[in-house]
$ cat data-v2.tsv   # TSV, C-alpha atoms
chain	number	residue	atom	x	y	z
E	84	MET	CA	1.40	-24.50	-11.75
E	85	LYS	CA	2.02	-21.54	-14.00
E	86	LYS	CA	5.53	-21.46	-12.76
E	87	PRO	CA	7.39	-18.32	-11.81
E	88	LEU	CA	9.94	-17.37	-14.45
E	89	VAL	CA	13.19	-17.62	-12.58
E	90	GLY	CA	15.47	-18.99	-15.24
E	91	ALA	CA	15.53	-21.18	-18.30
E	92	LEU	CA	16.17	-24.42	-16.42
E	93	LEU	CA	13.50	-23.72	-13.84
E	94	ALA	CA	11.17	-22.74	-16.61
E	95	VAL	CA	11.64	-26.11	-18.26
E	96	LEU	CA	11.08	-27.90	-14.99
E	97	LEU	CA	8.03	-25.87	-14.05
E	98	LEU	CA	6.57	-24.98	-17.41
E	99	GLY	CA	2.88	-25.48	-17.50
E	100	ALA	CA	-0.42	-23.91	-18.27
E	101	GLY	CA	-1.50	-23.47	-14.74
E	102	THR	CA	-0.10	-26.17	-12.54
E	103	ALA	CA	2.68	-25.52	-10.12
E	104	PRO	CA	3.26	-21.79	-9.84
E	105	ALA	CA	3.98	-20.39	-13.26
E	106	VAL	CA	7.62	-19.85	-13.97
E	107	ALA	CA	9.79	-19.10	-17.00
E	108	ALA	CA	8.57	-19.47	-20.52
E	109	THR	CA	10.21	-21.53	-23.20
E	110	SER	CA	9.72	-22.03	-26.91
E	111	HIS	CA	6.80	-24.26	-25.99
E	112	ASP	CA	5.22	-21.31	-24.15
E	113	ALA	CA	5.70	-19.00	-27.08
E	114	ALA	CA	3.83	-21.40	-29.32
E	115	ALA	CA	0.75	-21.44	-27.11
E	116	PRO	CA	-2.25	-19.49	-28.43
E	117	THR	CA	-3.05	-16.26	-26.63
E	118	THR	CA	-6.76	-16.17	-27.34
E	119	GLY	CA	-9.49	-18.38	-28.68
E	120	ALA	CA	-12.73	-16.97	-27.36
E	121	ALA	CA	-15.86	-16.98	-29.42
E	122	ALA	CA	-16.52	-13.81	-31.38
E	123	PRO	CA	-18.89	-12.20	-28.84
E	124	GLN	CA	-16.41	-12.81	-26.01
E	125	ALA	CA	-13.54	-11.46	-28.07
E	126	VAL	CA	-15.44	-8.21	-28.60
E	127	LYS	CA	-16.13	-7.82	-24.88
E	128	ALA	CA	-12.54	-8.65	-24.00
E	129	LYS	CA	-11.34	-5.59	-25.91
E	130	ALA	CA	-12.58	-3.49	-22.99
E	131	VAL	CA	-10.17	-5.34	-20.69
E	132	ASN	CA	-6.66	-3.89	-20.73
E	133	PHE	CA	-3.41	-4.02	-18.77
E	134	ALA	CA	-3.98	-0.98	-16.54
E	135	GLY	CA	-3.35	-1.96	-12.92
E	136	THR	CA	-1.53	-5.18	-13.74
E	137	VAL	CA	2.10	-5.68	-12.76
E	138	ALA	CA	5.06	-7.74	-13.87
E	139	LEU	CA	7.04	-9.60	-11.21
E	140	SER	CA	10.51	-11.03	-11.76
E	141	ASN	CA	8.97	-14.44	-12.40
E	142	CYS	CA	5.18	-14.07	-12.55
E	143	SER	CA	2.27	-11.75	-13.16
E	144	GLY	CA	0.08	-9.85	-10.72
E	145	SER	CA	-2.18	-6.86	-10.19
E	146	VAL	CA	-2.78	-3.95	-7.85
E	147	VAL	CA	-6.09	-4.78	-6.16
E	148	ARG	CA	-8.54	-3.23	-3.74
E	149	THR	CA	-11.70	-4.32	-1.98
E	150	PRO	CA	-15.04	-2.52	-2.43
E	151	SER	CA	-14.42	-0.77	0.91
E	152	SER	CA	-10.74	0.16	0.45
E	153	LEU	CA	-9.93	3.83	1.00
E	154	PRO	CA	-7.66	5.95	-1.22
E	155	SER	CA	-5.42	6.47	1.83
E	156	ASP	CA	-4.93	2.73	2.40
E	157	PRO	CA	-1.60	1.10	1.48
E	158	ALA	CA	-2.05	-0.56	-1.90
E	159	LEU	CA	-1.97	-4.34	-2.27
E	160	VAL	CA	-0.57	-6.50	-5.08
E	161	LEU	CA	-2.18	-9.89	-5.72
E	162	SER	CA	-0.26	-12.82	-7.20
E	163	ASN	CA	0.18	-16.56	-6.47
E	164	GLY	CA	1.60	-18.11	-3.35
E	165	HIS	CA	3.98	-20.04	-5.55
E	166	CYS	CA	5.29	-16.76	-6.96
E	167	MET	CA	6.69	-15.51	-3.64
E	168	GLU	CA	10.42	-14.81	-3.59
E	169	THR	CA	10.67	-16.99	-0.49
E	170	GLY	CA	9.79	-20.11	-2.52
E	171	PHE	CA	6.80	-22.41	-2.58
E	172	PRO	CA	5.15	-22.57	0.86
E	173	GLY	CA	4.61	-26.16	1.95
E	174	PRO	CA	1.22	-27.73	2.59
E	175	GLY	CA	-0.29	-26.11	5.66
E	176	GLU	CA	2.18	-23.20	5.61
E	177	VAL	CA	0.83	-19.65	5.80
E	178	VAL	CA	3.04	-16.56	5.53
E	179	ILE	CA	1.86	-13.46	7.40
E	180	ASN	CA	3.46	-10.01	7.57
E	181	ARG	CA	6.89	-11.07	6.36
E	182	SER	CA	9.21	-8.19	5.47
E	183	SER	CA	9.79	-7.76	1.73
E	184	THR	CA	11.28	-5.15	-0.59
E	185	ARG	CA	10.16	-6.85	-3.77
E	186	SER	CA	9.60	-4.59	-6.77
E	187	PHE	CA	6.81	-4.68	-9.37
E	188	THR	CA	6.60	-3.01	-12.77
E	189	LEU	CA	3.27	-1.22	-13.06
E	190	LEU	CA	1.63	-1.32	-16.49
E	191	ASN	CA	-0.70	1.12	-18.19
E	192	SER	CA	-3.64	0.21	-20.41
E	193	ALA	CA	-1.37	-0.44	-23.40
E	194	GLY	CA	0.88	-2.78	-21.43
E	195	SER	CA	3.79	-0.35	-21.14
E	196	GLY	CA	5.72	-0.14	-17.89
E	197	VAL	CA	5.14	3.27	-16.29
E	198	GLY	CA	6.92	2.89	-12.98
E	199	THR	CA	8.17	0.66	-10.21
E	200	LEU	CA	6.18	-0.18	-7.10
E	201	ARG	CA	7.86	-1.63	-4.03
E	202	ALA	CA	6.57	-3.90	-1.29
E	203	SER	CA	6.96	-3.26	2.41
E	204	LYS	CA	5.92	-6.81	3.28
E	205	ILE	CA	4.24	-10.02	2.20
E	206	ALA	CA	0.94	-9.39	3.96
E	207	TYR	CA	-0.32	-12.93	3.26
E	208	GLY	CA	0.77	-15.96	1.27
E	209	THR	CA	-0.17	-19.62	1.07
E	210	MET	CA	-0.62	-22.60	-1.24
E	211	THR	CA	-3.02	-24.34	1.11
E	212	ASP	CA	-6.69	-24.44	0.00
E	213	THR	CA	-5.81	-21.66	-2.45
E	214	ASP	CA	-2.71	-20.28	-4.16
E	215	ILE	CA	-2.38	-16.58	-3.39
E	216	SER	CA	0.03	-13.93	-2.20
E	217	LEU	CA	-0.80	-10.37	-1.17
E	218	TYR	CA	1.99	-7.81	-0.96
E	219	GLN	CA	1.49	-4.54	0.87
E	220	LEU	CA	3.14	-1.65	-0.95
E	221	THR	CA	4.95	1.43	0.29
E	222	ARG	CA	2.48	3.65	-1.60
E	223	THR	CA	-1.23	4.18	-1.15
E	224	TYR	CA	-3.92	3.76	-3.78
E	225	ALA	CA	-4.23	7.54	-3.97
E	226	GLN	CA	-0.50	8.01	-4.49
E	227	ILE	CA	-0.39	5.45	-7.29
E	228	GLU	CA	-3.34	7.06	-9.03
E	229	SER	CA	-1.88	10.55	-8.59
E	230	ILE	CA	1.57	9.62	-9.89
E	231	TYR	CA	0.64	7.19	-12.65
E	232	GLY	CA	-3.03	7.85	-13.35
E	233	ILE	CA	-3.82	4.18	-12.75
E	234	LYS	CA	-6.53	2.82	-10.49
E	235	ALA	CA	-6.40	-0.51	-8.68
E	236	LEU	CA	-8.55	-3.38	-9.92
E	237	GLU	CA	-11.47	-4.21	-7.65
E	238	LEU	CA	-11.91	-7.69	-6.17
E	239	ASN	CA	-15.41	-9.00	-6.75
E	240	ALA	CA	-16.96	-9.87	-3.39
E	241	ALA	CA	-19.22	-12.57	-4.89
E	242	HIS	CA	-18.48	-16.13	-6.02
E	243	PRO	CA	-17.79	-16.32	-9.78
E	244	VAL	CA	-20.52	-17.70	-12.03
E	245	GLN	CA	-20.27	-20.56	-14.52
E	246	GLY	CA	-20.38	-19.37	-18.12
E	247	THR	CA	-18.99	-15.90	-17.34
E	248	ALA	CA	-16.81	-14.46	-20.10
E	249	ILE	CA	-13.37	-13.77	-18.62
E	250	THR	CA	-9.94	-12.49	-19.59
E	251	VAL	CA	-6.66	-13.60	-18.01
E	252	VAL	CA	-4.29	-10.62	-18.13
E	253	SER	CA	-0.57	-11.39	-17.88
E	254	GLY	CA	1.61	-8.45	-16.88
E	255	TYR	CA	4.73	-10.57	-17.33
E	256	TRP	CA	4.06	-11.42	-20.96
E	257	LYS	CA	1.79	-8.44	-21.73
E	258	ARG	CA	-0.66	-10.91	-23.23
E	259	THR	CA	-4.30	-11.68	-22.63
E	260	TYR	CA	-6.26	-14.93	-22.84
E	261	SER	CA	-10.01	-14.86	-23.38
E	262	CYS	CA	-12.42	-17.68	-22.58
E	263	SER	CA	-15.21	-18.49	-20.10
E	264	VAL	CA	-15.63	-20.07	-16.69
E	265	ASP	CA	-16.26	-23.71	-17.59
E	266	GLY	CA	-17.06	-24.79	-14.05
E	267	PHE	CA	-15.72	-25.30	-10.55
E	268	VAL	CA	-13.56	-28.05	-9.08
E	269	TYR	CA	-14.35	-29.41	-5.62
E	270	ARG	CA	-10.69	-30.23	-5.02
E	271	LEU	CA	-7.80	-29.56	-7.39
E	272	LYS	CA	-4.75	-31.61	-6.45
E	273	GLU	CA	-1.23	-30.99	-7.76
E	274	GLY	CA	1.74	-32.72	-6.21
E	275	GLU	CA	1.78	-31.86	-2.50
E	276	TRP	CA	-0.90	-29.20	-2.74
E	277	THR	CA	-4.69	-29.28	-2.72
E	278	TRP	CA	-6.89	-26.30	-3.63
E	279	LYS	CA	-10.60	-25.93	-2.91
E	280	ASP	CA	-13.36	-24.77	-5.25
E	281	SER	CA	-11.04	-23.86	-8.12
E	282	VAL	CA	-12.11	-22.21	-11.37
E	283	ARG	CA	-11.77	-24.32	-14.51
E	284	TYR	CA	-11.43	-22.43	-17.80
E	285	THR	CA	-12.85	-23.44	-21.13
E	286	SER	CA	-10.12	-24.67	-23.47
E	287	ALA	CA	-9.55	-21.29	-25.17
E	288	CYS	CA	-7.44	-20.01	-22.23
E	289	GLN	CA	-4.13	-21.70	-23.01
E	290	THR	CA	-2.08	-19.91	-20.37
E	291	ILE	CA	1.67	-20.49	-20.14
E	292	GLY	CA	4.57	-20.23	-17.72
E	293	GLY	CA	4.89	-16.69	-16.39
E	294	THR	CA	1.14	-16.12	-16.40
E	295	SER	CA	0.95	-17.34	-12.81
E	296	GLY	CA	-0.62	-14.69	-10.64
E	297	SER	CA	-2.47	-13.00	-13.51
E	298	PRO	CA	-5.81	-11.49	-12.54
E	299	VAL	CA	-8.84	-13.22	-14.04
E	300	ILE	CA	-11.22	-10.43	-14.97
E	301	ASP	CA	-14.98	-10.61	-15.53
E	302	ASN	CA	-15.39	-8.96	-18.94
E	303	ALA	CA	-18.77	-7.49	-18.05
E	304	THR	CA	-17.80	-5.85	-14.75
E	305	GLY	CA	-14.04	-5.37	-15.04
E	306	LYS	CA	-13.65	-6.88	-11.57
E	307	VAL	CA	-11.18	-9.58	-10.51
E	308	VAL	CA	-12.90	-12.92	-9.86
E	309	ALA	CA	-9.86	-15.21	-9.63
E	310	VAL	CA	-6.09	-15.47	-9.94
E	311	ASN	CA	-4.56	-17.70	-12.60
E	312	ASN	CA	-2.35	-20.47	-11.21
E	313	THR	CA	-2.06	-23.81	-13.02
E	314	GLY	CA	-2.92	-26.27	-15.76
E	315	ASN	CA	-2.49	-29.90	-16.76
E	316	GLU	CA	0.33	-30.01	-19.29
E	317	ASP	CA	1.07	-33.67	-19.99
E	318	GLY	CA	-2.05	-35.58	-18.99
E	319	GLN	CA	-0.42	-37.02	-15.89
E	320	ARG	CA	-2.45	-37.63	-12.77
E	321	CYS	CA	-2.09	-35.24	-9.81
E	322	THR	CA	1.63	-34.55	-10.34
E	323	ASP	CA	3.49	-31.23	-10.43
E	324	ASN	CA	2.27	-29.23	-13.44
E	325	ASN	CA	-0.44	-31.83	-13.97
E	326	PRO	CA	-3.26	-31.11	-11.53
E	327	CYS	CA	-6.19	-33.48	-11.32
E	328	GLU	CA	-9.77	-32.84	-10.31
E	329	VAL	CA	-11.22	-34.71	-7.33
E	330	ASP	CA	-14.97	-34.63	-6.71
E	331	GLU	CA	-16.92	-35.06	-3.47
E	332	ASN	CA	-16.89	-38.85	-3.90
E	333	GLY	CA	-13.13	-39.03	-4.45
E	334	THR	CA	-13.42	-39.64	-8.20
E	335	VAL	CA	-10.36	-38.32	-10.04
E	336	THR	CA	-10.58	-36.67	-13.46
E	337	VAL	CA	-7.61	-35.60	-15.58
E	338	ARG	CA	-8.11	-32.93	-18.23
E	339	GLN	CA	-4.93	-32.48	-20.28
E	340	GLY	CA	-4.51	-28.99	-21.68
E	341	ILE	CA	-7.06	-27.43	-19.35
E	342	ASN	CA	-6.07	-24.58	-17.05
E	343	TYR	CA	-7.29	-23.31	-13.70
E	344	ALA	CA	-7.48	-20.36	-11.34
E	345	GLN	CA	-8.18	-19.75	-7.66
E	346	GLU	CA	-11.21	-17.71	-6.66
E	347	THR	CA	-10.57	-14.38	-4.97
E	348	TYR	CA	-13.92	-13.38	-3.47
E	349	GLY	CA	-12.87	-15.07	-0.21
E	350	ILE	CA	-10.02	-12.57	0.18
E	351	VAL	CA	-12.39	-9.60	0.56
E	352	PRO	CA	-13.69	-10.34	4.08
E	353	CYS	CA	-10.11	-10.79	5.33
E	354	ILE	CA	-8.93	-7.27	4.48
E	355	GLY	CA	-9.64	-4.66	7.13
E	356	THR	CA	-8.73	-1.07	7.89
E	357	ALA	CA	-5.56	0.22	6.24
E	358	SER	CA	-5.31	-2.93	4.09
E	359	LYS	CA	-4.51	-5.05	7.14
E	360	ILE	CA	-5.00	-8.79	6.72
E	361	ASP	CA	-7.16	-9.93	9.63
E	362	LEU	CA	-7.90	-13.65	9.52
E	363	ASN	CA	-10.30	-13.28	12.45
E	364	ARG	CA	-12.67	-10.90	10.67
E	365	ALA	CA	-16.24	-12.07	10.17
E	366	GLY	CA	-16.56	-14.10	6.98
E	367	CYS	CA	-12.82	-14.66	6.54
E	368	THR	CA	-12.07	-18.29	5.77
E	369	LEU	CA	-8.49	-18.04	4.46
E	370	PRO	CA	-6.17	-20.60	6.08
E	371	LYS	CA	-4.49	-19.46	9.28
E	372	PRO	CA	-0.89	-20.17	10.34
$ encode --input "data-v2.tsv" --output "structure tokens"
Amino acid sequence: MKKPLVGALLAVLLLGAGTAPAVAATSHDAAAPTTGAAAPQAVKAKAVNFAGTVALSNCSGSVVRTPSSLPSDPALVLSNGHCMETGFPGPGEVVINRSSTRSFTLLNSAGSGVGTLRASKIAYGTMTDTDISLYQLTRTYAQIESIYGIKALELNAAHPVQGTAITVVSGYWKRTYSCSVDGFVYRLKEGEWTWKDSVRYTSACQTIGGTSGSPVIDNATGKVVAVNNTGNEDGQRCTDNNPCEVDENGTVTVRQGINYAQETYGIVPCIGTASKIDLNRAGCTLPKP
């Protein structure tokens, strides 16, 4: 996972392109390329900036909204489940409405910190089937826009499409990674965890530790289609920081140096009035406790 950056030692243990939740970066991280998209993609990616992204103490994230969110709704921050301050949730574990006072540094389009946002709770978090966390903030979308002039990023309500030009935007590192959606993985297995229908990047997105939780943005629409979470660092098979792909027939494929993200369209049906996470809403398929 793209481990959370919680310290040099942890960074070394967790360092990876997208496997176990992203953690601290090391010299190896610094050497990783930040881009590599083809020329046309690189041009499009220039329209994608850091506005609305956040830096966590150990990961990246973004202020997000659904197509139906109201300005008066409490704002939400999206990151990885493995980035939660409570630690990695175990297989089958789902966190709902857990009190939190975690802080996030809000970035503007240039990647400069413009203020601090604070959580009131972890609205939802899991590493089962997907790897996401949603924090509810103490401020509304309207308040954030009024104070900082920054709008939330919109979650795309549709499944991402193969071949789409994308940009992974890391608020922690203030770096972007441009590539395309290479395809989708039936099951992505890493250590104890298994994720369904994951996004596989083309090789140009060489994400590093600390990029965990970064929004994956469709260059054409500016909407969030996935959240960056892991990558196979050493070519090992299905181990921590070395996820493997498992198809419908159980065939395992290892792709060293390739990184992955978890789709976010499935979050949209689960968010109701006033940003409340309602796992019983029509169309919501996120894992329940």
$ residues_near_point --input "data-v2.tsv" --point "(-4.8, -12.3, -3.2)" --cutoff "10 Å" --atoms "all atoms listed in the file" --output "ChimeraX atom specification"
/E:144-148,159-164,206-209,213-218,238,296,298,309-310,345-351
$ atom_distance --input "data-v2.tsv" --atom1 "CA of Ala303 in chain E" --atom2 "CA of Ser286 in chain E"
20.0 Å
$ residues_around --input "data-v2.tsv" --residues "Ser155 in chain E" --least-positions-apart "4" --cutoff "10 Å" --atoms "all atoms listed in the file" --output "PyMOL selection string"
chain E and resi 222-226+357-358
$ closest_residue --input "data-v2.tsv" --among "E:Asn325, E:Ser151, E:Ser297, E:Gln319" --to "Ala240 in chain E" --atoms "all atoms listed in the file"
E:Ser151
$ closest_residue --input "data-v2.tsv" --among "E:Ile227, E:Met167, E:Ala158, E:Val252" --to "Phe133 in chain E" --atoms "all atoms listed in the file"
E:Val252
$ residues_around --input "data-v2.tsv" --residues "Arg283 in chain E" --least-positions-apart "4" --cutoff "6 Å" --atoms "only C-alpha atoms" --output "PyMOL selection string"
chain E and resi 265-267+343
$ atom_distance --input "data-v2.tsv" --atom1 "CA of Leu271 in chain E" --atom2 "CA of Gly175 in chain E"
15.4 Å
$ closest_residue --input "data-v2.tsv" --among "E:Gly274, E:Gly135, E:Gly254, E:Gly340" --to "Thr294 in chain E" --atoms "all atoms listed in the file"
E:Gly254
$ atom_distance --input "data-v2.tsv" --atom1 "CA of Ala287 in chain E" --atom2 "CA of Arg258 in chain E"
13.8 Å
$ closest_residue --input "data-v2.tsv" --among "E:Thr247, E:Asn132, E:Thr285, E:Thr211" --to "Val308 in chain E" --atoms "only C-alpha atoms"
E:Thr247
$ closest_residue --input "data-v2.tsv" --among "E:Gln219, E:Asn342, E:Thr169, E:Thr250" --to "Lys204 in chain E" --atoms "all atoms listed in the file"
E:Gln219
$ closest_residue --input "data-v2.tsv" --among "E:Thr259, E:Thr356, E:Ser186, E:Asn315" --to "Glu328 in chain E" --atoms "only C-alpha atoms"
E:Asn315
$ residues_around --input "data-v2.tsv" --residues "Arg270 in chain E" --least-positions-apart "2" --cutoff "9 Å" --atoms "only C-alpha atoms" --output "list of chain:residue names"
E:Asp212, E:Phe267, E:Val268, E:Lys272, E:Thr277, E:Trp278, E:Lys279, E:Asp280, E:Ser281, E:Cys327, E:Glu328, E:Val329, E:Asp330, E:Glu331
